[in-house]
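Peer 1: Contents of my_file_39.pdb (PDB, C-alpha atoms and all ligand atoms):
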ATOM      1  CA  MET A 288       0.000   0.000   0.000  1.00  0.00           C
ATOM      2  CA  PHE A 289       2.761   2.426   1.004  1.00  0.00           C
ATOM      3  CA  SER A 290       6.269   1.898  -0.214  1.00  0.00           C
ATOM      4  CA  LEU A 291       9.160   4.179   0.637  1.00  0.00           C
ATOM      5  CA  ARG A 292      12.529   4.267  -1.144  1.00  0.00           C
ATOM      6  CA  GLU A 293      15.515   6.314   0.014  1.00  0.00           C
ATOM      7  CA  VAL A 294      13.287   8.768   1.811  1.00  0.00           C
ATOM      8  CA  LYS A 295      14.947  11.598   3.687  1.00  0.00           C
ATOM      9  CA  TYR A 296      13.291  14.313   5.720  1.00  0.00           C
ATOM     10  CA  LYS A 297      15.518  16.977   7.291  1.00  0.00           C
ATOM     11  CA  HIS A 298      17.876  15.367   9.784  1.00  0.00           C
ATOM     12  CA  ILE A 299      14.910  13.455  11.169  1.00  0.00           C
ATOM     13  CA  LEU A 300      14.197  10.516   8.853  1.00  0.00           C
ATOM     14  CA  ASP A 301      16.467   8.502   6.599  1.00  0.00           C
ATOM     15  CA  ILE A 302      14.626   5.431   5.327  1.00  0.00           C
ATOM     16  CA  GLU A 303      16.250   3.244   2.699  1.00  0.00           C
ATOM     17  CA  GLU A 304      13.345   0.944   2.057  1.00  0.00           C
ATOM     18  CA  LEU A 305      10.036   0.315   3.767  1.00  0.00           C
ATOM     19  CA  ASN A 306       6.788  -1.343   2.722  1.00  0.00           C
ATOM     20  CA  ILE A 307       3.514  -1.099   4.588  1.00  0.00           C
ATOM     21  CA  GLU A 308       0.911  -3.644   3.641  1.00  0.00           C
ATOM     22  CA  LYS A 309      -2.740  -3.083   2.828  1.00  0.00           C
ATOM     23  CA  SER A 310      -5.421  -4.519   5.150  1.00  0.00           C
ATOM     24  CA  LYS A 311      -2.903  -5.231   7.895  1.00  0.00           C
ATOM     25  CA  VAL A 312      -2.224  -3.833  11.327  1.00  0.00           C
ATOM     26  CA  THR A 313       1.202  -2.210  11.398  1.00  0.00           C
ATOM     27  CA  CYS A 314       2.634  -0.805  14.618  1.00  0.00           C
ATOM     28  CA  ILE A 315       5.427   1.751  14.643  1.00  0.00           C
ATOM     29  CA  ILE A 316       7.581   1.653  17.746  1.00  0.00           C
ATOM     30  CA  GLY A 317      10.851   3.286  18.779  1.00  0.00           C
ATOM     31  CA  GLU A 318      12.332   5.628  21.353  1.00  0.00           C
ATOM     32  CA  SER A 319      11.019   9.146  21.865  1.00  0.00           C
ATOM     33  CA  GLY A 320      12.239  11.423  19.082  1.00  0.00           C
ATOM     34  CA  SER A 321      13.027   8.547  16.703  1.00  0.00           C
ATOM     35  CA  GLY A 322      10.727   9.974  14.015  1.00  0.00           C
ATOM     36  CA  LYS A 323       7.501   7.982  14.445  1.00  0.00           C
ATOM     37  CA  SER A 324       5.119  10.955  14.239  1.00  0.00           C
ATOM     38  CA  THR A 325       7.142  12.429  11.387  1.00  0.00           C
ATOM     39  CA  LEU A 326       6.696   9.198   9.423  1.00  0.00           C
ATOM     40  CA  LEU A 327       2.911   9.328   9.903  1.00  0.00           C
ATOM     41  CA  ARG A 328       2.862  12.977   8.813  1.00  0.00           C
ATOM     42  CA  LEU A 329       4.757  12.058   5.649  1.00  0.00           C
ATOM     43  CA  LEU A 330       2.221   9.325   4.857  1.00  0.00           C
ATOM     44  CA  ASN A 331      -0.622  11.819   5.297  1.00  0.00           C
ATOM     45  CA  LYS A 332       1.213  14.385   3.143  1.00  0.00           C
ATOM     46  CA  LEU A 333       1.184  16.941   5.933  1.00  0.00           C
ATOM     47  CA  ILE A 334       4.881  17.251   5.099  1.00  0.00           C
ATOM     48  CA  SER A 335       6.840  16.158   2.026  1.00  0.00           C
ATOM     49  CA  CYS A 336      10.129  14.304   1.941  1.00  0.00           C
ATOM     50  CA  ASP A 337      13.259  16.199   0.819  1.00  0.00           C
ATOM     51  CA  SER A 338      14.383  13.308  -1.366  1.00  0.00           C
ATOM     52  CA  GLY A 339      13.367   9.774  -2.255  1.00  0.00           C
ATOM     53  CA  LYS A 340       9.986   8.432  -3.204  1.00  0.00           C
ATOM     54  CA  ILE A 341       6.812   7.483  -1.372  1.00  0.00           C
ATOM     55  CA  MET A 342       4.259   5.478  -3.338  1.00  0.00           C
ATOM     56  CA  TYR A 343       0.653   5.017  -2.251  1.00  0.00           C
ATOM     57  CA  ASN A 344      -1.256   2.263  -4.072  1.00  0.00           C
ATOM     58  CA  GLY A 345       1.221   2.500  -6.932  1.00  0.00           C
ATOM     59  CA  GLN A 346       0.946   6.284  -7.250  1.00  0.00           C
ATOM     60  CA  ASP A 347       3.668   8.765  -6.339  1.00  0.00           C
ATOM     61  CA  LEU A 348       2.457  10.607  -3.241  1.00  0.00           C
ATOM     62  CA  ASN A 349       3.825  13.840  -4.724  1.00  0.00           C
ATOM     63  CA  SER A 350       1.279  13.623  -7.503  1.00  0.00           C
ATOM     64  CA  CYS A 351      -1.670  12.752  -5.220  1.00  0.00           C
ATOM     65  CA  ASP A 352      -4.049  15.563  -4.396  1.00  0.00           C
ATOM     66  CA  SER A 353      -3.679  16.165  -0.627  1.00  0.00           C
ATOM     67  CA  VAL A 354      -7.380  16.713  -0.003  1.00  0.00           C
ATOM     68  CA  GLU A 355      -8.348  13.599  -1.965  1.00  0.00           C
ATOM     69  CA  LEU A 356      -5.666  11.566  -0.196  1.00  0.00           C
ATOM     70  CA  ARG A 357      -6.971  12.615   3.200  1.00  0.00           C
ATOM     71  CA  ARG A 358     -10.445  11.376   2.316  1.00  0.00           C
ATOM     72  CA  THR A 359      -9.070   7.835   2.365  1.00  0.00           C
ATOM     73  CA  VAL A 360      -6.028   8.202   4.618  1.00  0.00           C
ATOM     74  CA  VAL A 361      -7.035   9.808   7.907  1.00  0.00           C
ATOM     75  CA  MET A 362      -4.628  10.738  10.664  1.00  0.00           C
ATOM     76  CA  LEU A 363      -5.307  11.092  14.365  1.00  0.00           C
ATOM     77  CA  ALA A 364      -2.620  13.306  15.895  1.00  0.00           C
ATOM     78  CA  GLN A 365      -1.013  12.683  19.261  1.00  0.00           C
ATOM     79  CA  LEU A 366      -2.807  15.685  20.755  1.00  0.00           C
ATOM     80  CA  PRO A 367      -6.036  15.777  18.755  1.00  0.00           C
ATOM     81  CA  ALA A 368      -8.201  18.885  18.564  1.00  0.00           C
ATOM     82  CA  ILE A 369     -11.427  19.025  20.531  1.00  0.00           C
ATOM     83  CA  PHE A 370     -13.831  21.690  19.373  1.00  0.00           C
ATOM     84  CA  PRO A 371     -16.168  23.772  21.572  1.00  0.00           C
ATOM     85  CA  GLY A 372     -19.595  22.144  21.828  1.00  0.00           C
ATOM     86  CA  THR A 373     -21.051  18.797  22.736  1.00  0.00           C
ATOM     87  CA  VAL A 374     -19.845  15.248  22.272  1.00  0.00           C
ATOM     88  CA  ARG A 375     -22.253  14.995  19.320  1.00  0.00           C
ATOM     89  CA  ASP A 376     -20.833  18.192  17.742  1.00  0.00           C
ATOM     90  CA  ASN A 377     -17.311  16.814  18.047  1.00  0.00           C
ATOM     91  CA  LEU A 378     -18.229  13.521  16.426  1.00  0.00           C
ATOM     92  CA  LEU A 379     -20.106  15.139  13.556  1.00  0.00           C
ATOM     93  CA  ILE A 380     -17.605  17.875  12.765  1.00  0.00           C
ATOM     94  CA  GLY A 381     -15.216  15.449  11.038  1.00  0.00           C
ATOM     95  CA  LEU A 382     -17.962  14.304   8.669  1.00  0.00           C
ATOM     96  CA  LYS A 383     -18.883  17.926   8.005  1.00  0.00           C
ATOM     97  CA  PHE A 384     -15.278  18.877   7.150  1.00  0.00           C
ATOM     98  CA  ALA A 385     -15.043  15.828   4.900  1.00  0.00           C
ATOM     99  CA  GLU A 386     -18.354  16.779   3.254  1.00  0.00           C
ATOM    100  CA  LYS A 387     -19.815  13.394   4.127  1.00  0.00           C
ATOM    101  CA  PRO A 388     -23.428  12.830   5.230  1.00  0.00           C
ATOM    102  CA  ALA A 389     -24.136  13.292   8.951  1.00  0.00           C
ATOM    103  CA  ALA A 390     -24.665  10.177  11.085  1.00  0.00           C
ATOM    104  CA  ASN A 391     -27.736   9.554  13.240  1.00  0.00           C
ATOM    105  CA  ASP A 392     -27.585   9.242  17.020  1.00  0.00           C
ATOM    106  CA  ASP A 393     -27.686   5.428  16.934  1.00  0.00           C
ATOM    107  CA  LYS A 394     -24.534   5.384  14.851  1.00  0.00           C
ATOM    108  CA  LEU A 395     -22.862   7.975  17.109  1.00  0.00           C
ATOM    109  CA  LEU A 396     -23.703   5.929  20.198  1.00  0.00           C
ATOM    110  CA  HIS A 397     -22.327   2.799  18.543  1.00  0.00           C
ATOM    111  CA  VAL A 398     -19.021   4.606  17.931  1.00  0.00           C
ATOM    112  CA  LEU A 399     -18.937   5.919  21.517  1.00  0.00           C
ATOM    113  CA  ASN A 400     -19.368   2.331  22.640  1.00  0.00           C
ATOM    114  CA  MET A 401     -16.510   1.212  20.394  1.00  0.00           C
ATOM    115  CA  VAL A 402     -14.157   3.715  21.999  1.00  0.00           C
ATOM    116  CA  HIS A 403     -15.513   2.912  25.467  1.00  0.00           C
ATOM    117  CA  LEU A 404     -16.715   6.455  26.105  1.00  0.00           C
ATOM    118  CA  ASN A 405     -19.598   6.317  28.494  1.00  0.00           C
ATOM    119  CA  LYS A 406     -20.970   9.816  27.897  1.00  0.00           C
ATOM    120  CA  CYS A 407     -24.180  11.340  26.557  1.00  0.00           C
ATOM    121  CA  LEU A 408     -24.177  12.932  23.121  1.00  0.00           C
ATOM    122  CA  ASP A 409     -25.340  16.216  24.698  1.00  0.00           C
ATOM    123  CA  ASP A 410     -22.486  16.363  27.242  1.00  0.00           C
ATOM    124  CA  GLU A 411     -20.135  19.316  26.886  1.00  0.00           C
ATOM    125  CA  SER A 412     -16.836  18.118  25.459  1.00  0.00           C
ATOM    126  CA  ASP A 413     -14.645  20.587  27.361  1.00  0.00           C
ATOM    127  CA  LEU A 414     -15.665  18.856  30.605  1.00  0.00           C
ATOM    128  CA  LEU A 415     -14.137  15.550  29.474  1.00  0.00           C
ATOM    129  CA  SER A 416     -10.863  14.267  30.890  1.00  0.00           C
ATOM    130  CA  GLY A 417      -7.727  14.069  28.727  1.00  0.00           C
ATOM    131  CA  GLY A 418      -8.205  10.352  28.074  1.00  0.00           C
ATOM    132  CA  GLU A 419     -11.904  10.863  27.280  1.00  0.00           C
ATOM    133  CA  LYS A 420     -11.061  13.611  24.794  1.00  0.00           C
ATOM    134  CA  GLN A 421      -8.561  11.274  23.159  1.00  0.00           C
ATOM    135  CA  ARG A 422     -11.275   8.620  22.770  1.00  0.00           C
ATOM    136  CA  LEU A 423     -13.766  11.170  21.466  1.00  0.00           C
ATOM    137  CA  ALA A 424     -11.280  12.202  18.765  1.00  0.00           C
ATOM    138  CA  LEU A 425     -10.715   8.541  17.910  1.00  0.00           C
ATOM    139  CA  GLY A 426     -14.489   8.136  17.562  1.00  0.00           C
ATOM    140  CA  ARG A 427     -14.532  11.068  15.162  1.00  0.00           C
ATOM    141  CA  VAL A 428     -11.920   9.345  12.995  1.00  0.00           C
ATOM    142  CA  ILE A 429     -13.764   5.984  13.060  1.00  0.00           C
ATOM    143  CA  LEU A 430     -16.942   7.734  11.853  1.00  0.00           C
ATOM    144  CA  LEU A 431     -15.056   8.976   8.799  1.00  0.00           C
ATOM    145  CA  ASP A 432     -14.656   5.339   7.798  1.00  0.00           C
ATOM    146  CA  PRO A 433     -11.320   5.807   5.985  1.00  0.00           C
ATOM    147  CA  GLU A 434      -9.421   3.122   4.081  1.00  0.00           C
ATOM    148  CA  VAL A 435      -6.285   3.810   6.101  1.00  0.00           C
ATOM    149  CA  PHE A 436      -6.078   4.831   9.748  1.00  0.00           C
ATOM    150  CA  LEU A 437      -2.893   6.625  10.823  1.00  0.00           C
ATOM    151  CA  LEU A 438      -3.074   6.764  14.595  1.00  0.00           C
ATOM    152  CA  ASP A 439      -0.431   8.486  16.682  1.00  0.00           C
ATOM    153  CA  GLU A 440      -0.444   6.897  20.128  1.00  0.00           C
ATOM    154  CA  PRO A 441      -4.240   6.628  20.272  1.00  0.00           C
ATOM    155  CA  SER A 442      -4.172   5.076  23.729  1.00  0.00           C
ATOM    156  CA  SER A 443      -1.347   6.995  25.424  1.00  0.00           C
ATOM    157  CA  ALA A 444      -3.642   8.620  28.013  1.00  0.00           C
ATOM    158  CA  LEU A 445      -5.538   5.438  28.873  1.00  0.00           C
ATOM    159  CA  ASP A 446      -5.259   2.822  31.583  1.00  0.00           C
ATOM    160  CA  GLU A 447      -4.229  -0.638  30.464  1.00  0.00           C
ATOM    161  CA  GLU A 448      -7.710  -2.166  30.575  1.00  0.00           C
ATOM    162  CA  THR A 449      -9.339   0.624  28.546  1.00  0.00           C
ATOM    163  CA  GLU A 450      -6.415   0.548  26.120  1.00  0.00           C
ATOM    164  CA  ARG A 451      -6.881  -3.181  25.577  1.00  0.00           C
ATOM    165  CA  PHE A 452     -10.648  -2.836  25.059  1.00  0.00           C
ATOM    166  CA  ILE A 453     -10.276  -0.048  22.506  1.00  0.00           C
ATOM    167  CA  ILE A 454      -7.375  -1.527  20.553  1.00  0.00           C
ATOM    168  CA  GLU A 455      -9.158  -4.888  20.427  1.00  0.00           C
ATOM    169  CA  ASN A 456     -12.306  -3.203  19.066  1.00  0.00           C
ATOM    170  CA  LEU A 457     -10.316  -1.216  16.575  1.00  0.00           C
ATOM    171  CA  VAL A 458      -8.330  -4.189  15.335  1.00  0.00           C
ATOM    172  CA  ALA A 459     -11.488  -6.320  15.056  1.00  0.00           C
ATOM    173  CA  TYR A 460     -13.209  -3.547  13.099  1.00  0.00           C
ATOM    174  CA  THR A 461     -10.304  -2.971  10.715  1.00  0.00           C
ATOM    175  CA  LYS A 462      -9.906  -6.726  10.116  1.00  0.00           C
ATOM    176  CA  LYS A 463     -13.622  -7.173   9.468  1.00  0.00           C
ATOM    177  CA  THR A 464     -13.713  -4.295   7.002  1.00  0.00           C
ATOM    178  CA  SER A 465     -10.256  -4.991   5.452  1.00  0.00           C
ATOM    179  CA  LYS A 466      -8.999  -1.533   6.440  1.00  0.00           C
ATOM    180  CA  THR A 467      -5.365  -0.692   6.957  1.00  0.00           C
ATOM    181  CA  LEU A 468      -4.316   0.341  10.453  1.00  0.00           C
ATOM    182  CA  ILE A 469      -0.966   2.036  10.996  1.00  0.00           C
ATOM    183  CA  MET A 470      -0.458   2.916  14.610  1.00  0.00           C
ATOM    184  CA  VAL A 471       2.337   4.493  16.590  1.00  0.00           C
ATOM    185  CA  THR A 472       2.518   2.990  20.044  1.00  0.00           C
ATOM    186  CA  HIS A 473       4.827   3.338  23.021  1.00  0.00           C
ATOM    187  CA  SER A 474       3.773  -0.139  24.074  1.00  0.00           C
ATOM    188  CA  LYS A 475       5.772  -3.117  22.813  1.00  0.00           C
ATOM    189  CA  LYS A 476       3.062  -5.263  24.338  1.00  0.00           C
ATOM    190  CA  VAL A 477       0.393  -3.674  22.125  1.00  0.00           C
ATOM    191  CA  ALA A 478       2.648  -4.147  19.093  1.00  0.00           C
ATOM    192  CA  GLN A 479       3.357  -7.782  19.943  1.00  0.00           C
ATOM    193  CA  THR A 480      -0.264  -8.604  20.690  1.00  0.00           C
ATOM    194  CA  TYR A 481      -2.112  -6.874  17.891  1.00  0.00           C
ATOM    195  CA  SER A 482       0.131  -6.099  14.941  1.00  0.00           C
ATOM    196  CA  ASP A 483       0.712  -8.139  11.806  1.00  0.00           C
ATOM    197  CA  ASN A 484       3.870  -6.126  11.180  1.00  0.00           C
ATOM    198  CA  THR A 485       6.060  -3.988  13.394  1.00  0.00           C
ATOM    199  CA  ILE A 486       8.376  -1.211  12.280  1.00  0.00           C
ATOM    200  CA  GLU A 487      10.986  -0.157  14.775  1.00  0.00           C
ATOM    201  CA  LEU A 488      12.595   3.235  14.254  1.00  0.00           C
ATOM    202  CA  SER A 489      15.805   4.387  15.845  1.00  0.00           C
ATOM    203  CA  GLN A 490      17.239   7.850  15.234  1.00  0.00           C
ATOM    204  CA  GLY A 491      15.220   8.197  12.058  1.00  0.00           C
ATOM    205  CA  LYS A 492      16.245   4.885  10.531  1.00  0.00           C
ATOM    206  CA  VAL A 493      14.360   1.623  10.285  1.00  0.00           C
ATOM    207  CA  LYS A 494      16.047  -0.581  12.828  1.00  0.00           C
ATOM    208  CA  ARG A 495      13.735  -3.500  12.196  1.00  0.00           C
ATOM    209  CA  ALA A 496      10.670  -4.154  10.081  1.00  0.00           C
ATOM    210  CA  ARG A 497       9.191  -7.543  10.597  1.00  0.00           C
ATOM    211  CA  GLU A 498       6.152  -9.673  10.579  1.00  0.00           C
ATOM    212  CA  VAL A 499       5.205 -10.681  14.091  1.00  0.00           C
TER     213      VAL A 499
HETATM  214  N1  LIG O 501       9.338  20.380  11.816  1.00  0.00           N
HETATM  215  C1  LIG O 501      10.415  19.997  12.528  1.00  0.00           C
HETATM  216  N2  LIG O 501      11.568  20.669  12.427  1.00  0.00           N
HETATM  217  C2  LIG O 501      12.659  20.287  13.109  1.00  0.00           C
HETATM  218  N3  LIG O 501      12.680  19.240  13.956  1.00  0.00           N
HETATM  219  C3  LIG O 501      11.558  18.539  14.098  1.00  0.00           C
HETATM  220  C4  LIG O 501      10.350  18.861  13.394  1.00  0.00           C
HETATM  221  N4  LIG O 501       9.389  17.981  13.746  1.00  0.00           N
HETATM  222  C5  LIG O 501       9.967  17.110  14.618  1.00  0.00           C
HETATM  223  N5  LIG O 501      11.251  17.450  14.827  1.00  0.00           N
HETATM  224  C6  LIG O 501      12.231  16.703  15.627  1.00  0.00           C
HETATM  225  O1  LIG O 501      12.380  15.450  14.981  1.00  0.00           O
HETATM  226  C7  LIG O 501      12.561  14.406  15.925  1.00  0.00           C
HETATM  227  C8  LIG O 501      11.507  13.323  15.700  1.00  0.00           C
HETATM  228  O2  LIG O 501      10.228  13.819  16.086  1.00  0.00           O
HETATM  229  P1  LIG O 501       8.936  12.900  16.109  1.00  0.00           P
HETATM  230  O3  LIG O 501       7.827  13.728  16.698  1.00  0.00           O
HETATM  231  O4  LIG O 501       8.731  12.326  14.779  1.00  0.00           O
HETATM  232  O5  LIG O 501       9.388  11.761  17.110  1.00  0.00           O
HETATM  233  P2  LIG O 501       8.555  10.579  17.810  1.00  0.00           P
HETATM  234  O6  LIG O 501       9.323   9.338  17.587  1.00  0.00           O
HETATM  235  O7  LIG O 501       7.148  10.624  17.351  1.00  0.00           O
HETATM  236  O8  LIG O 501       8.663  11.002  19.331  1.00  0.00           O
HETATM  237  P3  LIG O 501       7.646  10.790  20.590  1.00  0.00           P
HETATM  238  O9  LIG O 501       7.618   9.306  20.846  1.00  0.00           O
HETATM  239  O10 LIG O 501       8.304  11.542  21.691  1.00  0.00           O
HETATM  240  O11 LIG O 501       6.315  11.365  20.185  1.00  0.00           O
HETATM  241  C9  LIG O 501      12.507  15.056  17.283  1.00  0.00           C
HETATM  242  O12 LIG O 501      13.833  15.267  17.717  1.00  0.00           O
HETATM  243  C10 LIG O 501      11.782  16.373  17.038  1.00  0.00           C
HETATM  244  O13 LIG O 501      12.200  17.358  17.932  1.00  0.00           O
END
Could you render the structure from this file as structure tokens?
Peer 2:
Amino acid sequence: MFSLREVKYKHILDIEELNIEKSKVTCIIGESGSGKSTLLRLLNKLISCDSGKIMYNGQDLNSCDSVELRRTVVMLAQLPAIFPGTVRDNLLIGLKFAEKPAANDDKLLHVLNMVHLNKCLDDESDLLSGGEKQRLALGRVILLDPEVFLLDEPSSALDEETERFIIENLVAYTKKTSKTLIMVTHSKKVAQTYSDNTIELSQGKVKRAREV
């Protein structure tokens, strides 16, 4: 799905060769500052590499329209934005930005259940805890129903049990729908348990890329 050849970005990333498979769960691990978030941002075309080539489904990412790309490849940042308004507003705003039809309350409640967020749709989002806001933003991304999820530490603010519940739901959903999940995680345990492939970065280079 994604293939990278001799990709360099500033002093931060220097990747000789890397392939990320379609319809698989790929975890990106590595020490803090190793370039994990930068790699996700390259794949979402939020930044462009200085040299080398990134292909997406056989097409050079440079020649992909960024807006079109982000309709199918959706990124959840490490510190996602929460907008003023209710839980419902925050779930629906992604669909609105993407010019997709709004979802009904049943669908919104189903997504809240998936991300283990036990809140009412009319609750004010600025009263949520950090971990709850993180799950709300994840729900917003799930509603967009992209082909590729790029998730930057989606469970960093969660306790182990909630993390397990959410990642299990997410992996089951992406497997069932043949979506591609690319997820940065600080947890080797999450990578070992749930990923089909793991990419380990160290100082901007691929230290290891393997099937688990
Ligand atoms: N636009 C930029 N310009 C210069 N340096 C940057 C830029 N963005 C990130 N960096 C630096 O690049 C390195 C890699 O950053 P990145 O956020 O990709 O790391 P990470 O592996 O995701 O780290 P963490 O696990 O702490 O989130 C860091 O040293 C960071 O300070």
Peer 1: As a check of understanding, name the residues that the PyMOL selection byres (((not hetatm)) within 12 of (chain O and resi 501)) selects in the supplied structure, as number ranges by chain.
Peer 2: A: 296-301, 315-329, 333-336, 364-366, 438-441, 443, 470-474, 486-493
Peer 1: Dump as a PDB file with C-alpha atoms, keeping the file's coordinate frame all residues having an atom at most 10 Å from (-2.8, 5.2, 5.1), computed in the file's coordinates with all atoms listed in the file.
Peer 2:
ATOM      1  CA  MET A 288       0.000   0.000   0.000  1.00  0.00           C
ATOM      2  CA  PHE A 289       2.761   2.426   1.004  1.00  0.00           C
ATOM      3  CA  ILE A 307       3.514  -1.099   4.588  1.00  0.00           C
ATOM      4  CA  GLU A 308       0.911  -3.644   3.641  1.00  0.00           C
ATOM      5  CA  LYS A 309      -2.740  -3.083   2.828  1.00  0.00           C
ATOM      6  CA  LEU A 327       2.911   9.328   9.903  1.00  0.00           C
ATOM      7  CA  LEU A 330       2.221   9.325   4.857  1.00  0.00           C
ATOM      8  CA  ASN A 331      -0.622  11.819   5.297  1.00  0.00           C
ATOM      9  CA  TYR A 343       0.653   5.017  -2.251  1.00  0.00           C
ATOM     10  CA  ASN A 344      -1.256   2.263  -4.072  1.00  0.00           C
ATOM     11  CA  LEU A 356      -5.666  11.566  -0.196  1.00  0.00           C
ATOM     12  CA  ARG A 357      -6.971  12.615   3.200  1.00  0.00           C
ATOM     13  CA  THR A 359      -9.070   7.835   2.365  1.00  0.00           C
ATOM     14  CA  VAL A 360      -6.028   8.202   4.618  1.00  0.00           C
ATOM     15  CA  VAL A 361      -7.035   9.808   7.907  1.00  0.00           C
ATOM     16  CA  MET A 362      -4.628  10.738  10.664  1.00  0.00           C
ATOM     17  CA  PRO A 433     -11.320   5.807   5.985  1.00  0.00           C
ATOM     18  CA  GLU A 434      -9.421   3.122   4.081  1.00  0.00           C
ATOM     19  CA  VAL A 435      -6.285   3.810   6.101  1.00  0.00           C
ATOM     20  CA  PHE A 436      -6.078   4.831   9.748  1.00  0.00           C
ATOM     21  CA  LEU A 437      -2.893   6.625  10.823  1.00  0.00           C
ATOM     22  CA  LEU A 438      -3.074   6.764  14.595  1.00  0.00           C
ATOM     23  CA  LYS A 466      -8.999  -1.533   6.440  1.00  0.00           C
ATOM     24  CA  THR A 467      -5.365  -0.692   6.957  1.00  0.00           C
ATOM     25  CA  LEU A 468      -4.316   0.341  10.453  1.00  0.00           C
ATOM     26  CA  ILE A 469      -0.966   2.036  10.996  1.00  0.00           C
TER      27      ILE A 469
END
Peer 1: Could you state the separation of atom CA of A:Gly417 and atom CA of A:Glu386 in Å, given to one decimal place?
Peer 2: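 Rounded to one decimal, the two atoms are 27.7 Å apart.
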Peer 1: Using the chain letters and residue numbers of this document, give as an MDAnalysis selection string the residues selected by the PyMOL selection byres (((chain A and resi 404) around 10) and not hetatm).
Peer 2: chainID A and resid 396 398:403 405:407 418:423 426 449 453
Peer 1: Quick one, how far is atom CA of A:Ile429 from atom CA of A:Leu415?
Peer 2: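 Computing the Euclidean distance for atom CA of A:Ile429 and atom CA of A:Leu415 yields 19.0 Å.
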Peer 1: Take the PyMOL selection byres (((chain A and resi 380) around 12) and not hetatm), apply it to the structure above, and return the hits as a ChimeraX atom specification.
Peer 2: /A:368-379,381-390,423-424,426-428,430-431
Peer 1: One decimal, Å: what's the distance from atom CA of A:Ser412 over to atom CA of A:Asp393, could you say?
Peer 2: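 Between atom CA of A:Ser412 and atom CA of A:Asp393 the gap works out to 18.7 Å.
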Peer 1: Could you tell me which of A:Asp413, A:Ser465, A:Tyr460, A:Leu291 comes closest to A:Leu348 if we count only C-alpha atoms?
Peer 2: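 Of all the options, A:Leu291 lies closest to A:Leu348.
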